[in-house]
Amino acid sequence: MFARLPEEEEAAIAVWIVVPPPDVKAAVAEAQEAFAHLDWLAPLPQHFLHVTLGPGDGPAPPATDPFRIEYGGVGCFHEAVIGEVHGEVLRGLAAALRPDLDAFLPHLSLAYVRERRPPDELRHALRPLRDLGLGEQLVEEVALVHVPFSRTSLLEPWTPLRTFRLGRPR
C-alpha cells in the first residue's frame with residue numbers, strides 16, 4: 001500500500017468523511033488487538049479513523065437529513081483491514097460523490113497492509129471479528145478534510161476544511 005503512494009511529503013488529497021463517535025473508536029481499538037501481533041499491518045491511529053464518502057474535488061454532498069449507520073463485520077480488502085459500514089443514506093451519499101464507482105463499499109479502515117504476506121495468518125486473526133458489531137451512529141455532519149497522502153505522512157492528522165451539518169440550510 002505505502003509503496004504506491006507519492007514520495008513527496010507535501011502530497012495530499014481532499015475527501016468528504018464521516019468521523020465515528022468515541023464509542024466506535026473504542027470498539028475499533030479493541031478489535032485492533034486481535035491483529036496487533038501482525039507487524040506487517042499498520043493499525044490506524046484513533047485520530048485517523050473515518051468513513052470516506054468521496055473525493056473533495058467536486059460538489060458538496062447532496063442535502064440530506066441526519067441518518068443512522070451501523071459499524072461492524074470486520075474483514076479485509078487486498079490492502080486494508082476494514083469494518084463494514086451499513087446505511088442506505090450513506091450508500092446514496094457515497095454514490096452521489098463517486099458516480100464512477102458502481103460497487104463502492106462504505107467502510108471504516110482499521111489497518112493498512114505494509115507488505116504482502118500469505119493470507120492465512122490474517123484470516124485466522126480476523127475470523128473471530130467477522131460478526132463483531134463496532135457500534136452505530138446518528139450522522140449529523142460530514143466534513144471535508146485535507147489528508148496528508150504520501151509514504152511518510154499518510155497517517156498524520158488531517159486538517160478540517162469545511163463541516164456541513166445535515167438537515168440545516170447550507
# chains A, B, ... in the order shown; residues from 1 in each chain; ligands from 1
>>> residues_around(residues="Glu156 in chain A", least_positions_apart="5", cutoff="9 Å", atoms="only C-alpha atoms", output="ChimeraX atom specification")
/A:45,47-48,147-149
>>> select_by_dssp(residues="chain A", states="strand (DSSP E)", output="PyMOL selection string")
chain A and resi 12-18+41-43+51-55+67-76+80-86+107-113+133-139+141-148+159-165
>>> write_last_selection(atoms="C-alpha atoms", output="PDB file, in the first residue's frame")
ATOM      1  CA  ALA A  12      -2.296  15.475  -0.008  1.00  0.00           C
ATOM      2  CA  ILE A  13      -5.889  14.846  -1.039  1.00  0.00           C
ATOM      3  CA  ALA A  14      -9.220  16.362  -0.025  1.00  0.00           C
ATOM      4  CA  VAL A  15     -12.037  13.967   0.890  1.00  0.00           C
ATOM      5  CA  TRP A  16     -15.533  14.036   2.360  1.00  0.00           C
ATOM      6  CA  ILE A  17     -15.703  11.942   5.530  1.00  0.00           C
ATOM      7  CA  VAL A  18     -17.830  10.874   8.474  1.00  0.00           C
ATOM      8  CA  LEU A  41      -0.100  -4.313   9.367  1.00  0.00           C
ATOM      9  CA  ALA A  42      -0.213  -0.604  10.224  1.00  0.00           C
ATOM     10  CA  PRO A  43      -3.167  -0.065  12.596  1.00  0.00           C
ATOM     11  CA  VAL A  51     -15.567   6.681   6.718  1.00  0.00           C
ATOM     12  CA  THR A  52     -14.678   8.051   3.299  1.00  0.00           C
ATOM     13  CA  LEU A  53     -17.647   9.301   1.304  1.00  0.00           C
ATOM     14  CA  GLY A  54     -15.835  10.587  -1.752  1.00  0.00           C
ATOM     15  CA  PRO A  55     -13.275  12.944  -3.230  1.00  0.00           C
ATOM     16  CA  PHE A  67     -29.210   9.425   9.243  1.00  0.00           C
ATOM     17  CA  ARG A  68     -28.153   6.274  11.102  1.00  0.00           C
ATOM     18  CA  ILE A  69     -25.284   3.967  10.217  1.00  0.00           C
ATOM     19  CA  GLU A  70     -24.061   0.720  11.762  1.00  0.00           C
ATOM     20  CA  TYR A  71     -20.411  -0.308  12.049  1.00  0.00           C
ATOM     21  CA  GLY A  72     -19.404  -3.955  12.080  1.00  0.00           C
ATOM     22  CA  GLY A  73     -18.406  -7.041  10.217  1.00  0.00           C
ATOM     23  CA  VAL A  74     -14.596  -6.859  10.281  1.00  0.00           C
ATOM     24  CA  GLY A  75     -12.957  -8.177   7.120  1.00  0.00           C
ATOM     25  CA  CYS A  76     -10.345  -7.089   4.642  1.00  0.00           C
ATOM     26  CA  ALA A  80      -6.638  -2.929   4.342  1.00  0.00           C
ATOM     27  CA  VAL A  81      -8.423  -4.434   7.311  1.00  0.00           C
ATOM     28  CA  ILE A  82     -11.868  -2.840   7.386  1.00  0.00           C
ATOM     29  CA  GLY A  83     -15.087  -2.633   9.334  1.00  0.00           C
ATOM     30  CA  GLU A  84     -18.152  -2.625   7.131  1.00  0.00           C
ATOM     31  CA  VAL A  85     -20.459   0.372   7.426  1.00  0.00           C
ATOM     32  CA  HIS A  86     -24.157  -0.102   6.689  1.00  0.00           C
ATOM     33  CA  HIS A 107     -16.085   1.142   5.163  1.00  0.00           C
ATOM     34  CA  LEU A 108     -14.009   2.122   8.153  1.00  0.00           C
ATOM     35  CA  SER A 109     -10.338   1.192   7.670  1.00  0.00           C
ATOM     36  CA  LEU A 110      -8.770  -0.345  10.783  1.00  0.00           C
ATOM     37  CA  ALA A 111      -5.280  -1.081   9.391  1.00  0.00           C
ATOM     38  CA  TYR A 112      -3.304  -0.890   6.171  1.00  0.00           C
ATOM     39  CA  VAL A 113      -1.072  -3.640   4.812  1.00  0.00           C
ATOM     40  CA  GLY A 133     -20.547  -5.096  15.995  1.00  0.00           C
ATOM     41  CA  LEU A 134     -18.493  -1.919  16.364  1.00  0.00           C
ATOM     42  CA  GLY A 135     -21.425   0.343  17.189  1.00  0.00           C
ATOM     43  CA  GLU A 136     -23.765   2.740  15.487  1.00  0.00           C
ATOM     44  CA  GLN A 137     -24.029   6.445  14.875  1.00  0.00           C
ATOM     45  CA  LEU A 138     -26.505   9.147  14.056  1.00  0.00           C
ATOM     46  CA  VAL A 139     -24.594  11.058  11.363  1.00  0.00           C
ATOM     47  CA  GLU A 141     -22.479  16.198   9.895  1.00  0.00           C
ATOM     48  CA  VAL A 142     -19.992  15.394   7.177  1.00  0.00           C
ATOM     49  CA  ALA A 143     -16.602  17.029   6.860  1.00  0.00           C
ATOM     50  CA  LEU A 144     -14.312  17.973   4.013  1.00  0.00           C
ATOM     51  CA  VAL A 145     -10.737  17.354   5.146  1.00  0.00           C
ATOM     52  CA  HIS A 146      -7.238  17.826   3.768  1.00  0.00           C
ATOM     53  CA  VAL A 147      -5.424  14.484   4.248  1.00  0.00           C
ATOM     54  CA  PRO A 148      -1.638  14.071   4.002  1.00  0.00           C
ATOM     55  CA  THR A 159      -6.904  19.400   8.514  1.00  0.00           C
ATOM     56  CA  PRO A 160     -10.650  20.187   8.521  1.00  0.00           C
ATOM     57  CA  LEU A 161     -11.616  22.448   5.619  1.00  0.00           C
ATOM     58  CA  ARG A 162     -15.415  22.566   5.958  1.00  0.00           C
ATOM     59  CA  THR A 163     -18.094  20.880   8.014  1.00  0.00           C
ATOM     60  CA  PHE A 164     -21.720  20.537   6.930  1.00  0.00           C
ATOM     61  CA  ARG A 165     -24.463  19.978   9.495  1.00  0.00           C
TER      62      ARG A 165
END
>>> select_by_dssp(residues="chain A", states="helix (DSSP H, G or I)", output="number ranges by chain")
A: 2-4, 22-35, 46-48, 88-97, 120-129
>>> atom_distance(atom1="CA of Val24 in chain A", atom2="CA of Arg98 in chain A")
25.1 Å
>>> atom_distance(atom1="CA of Leu93 in chain A", atom2="CA of Pro66 in chain A")
11.8 Å
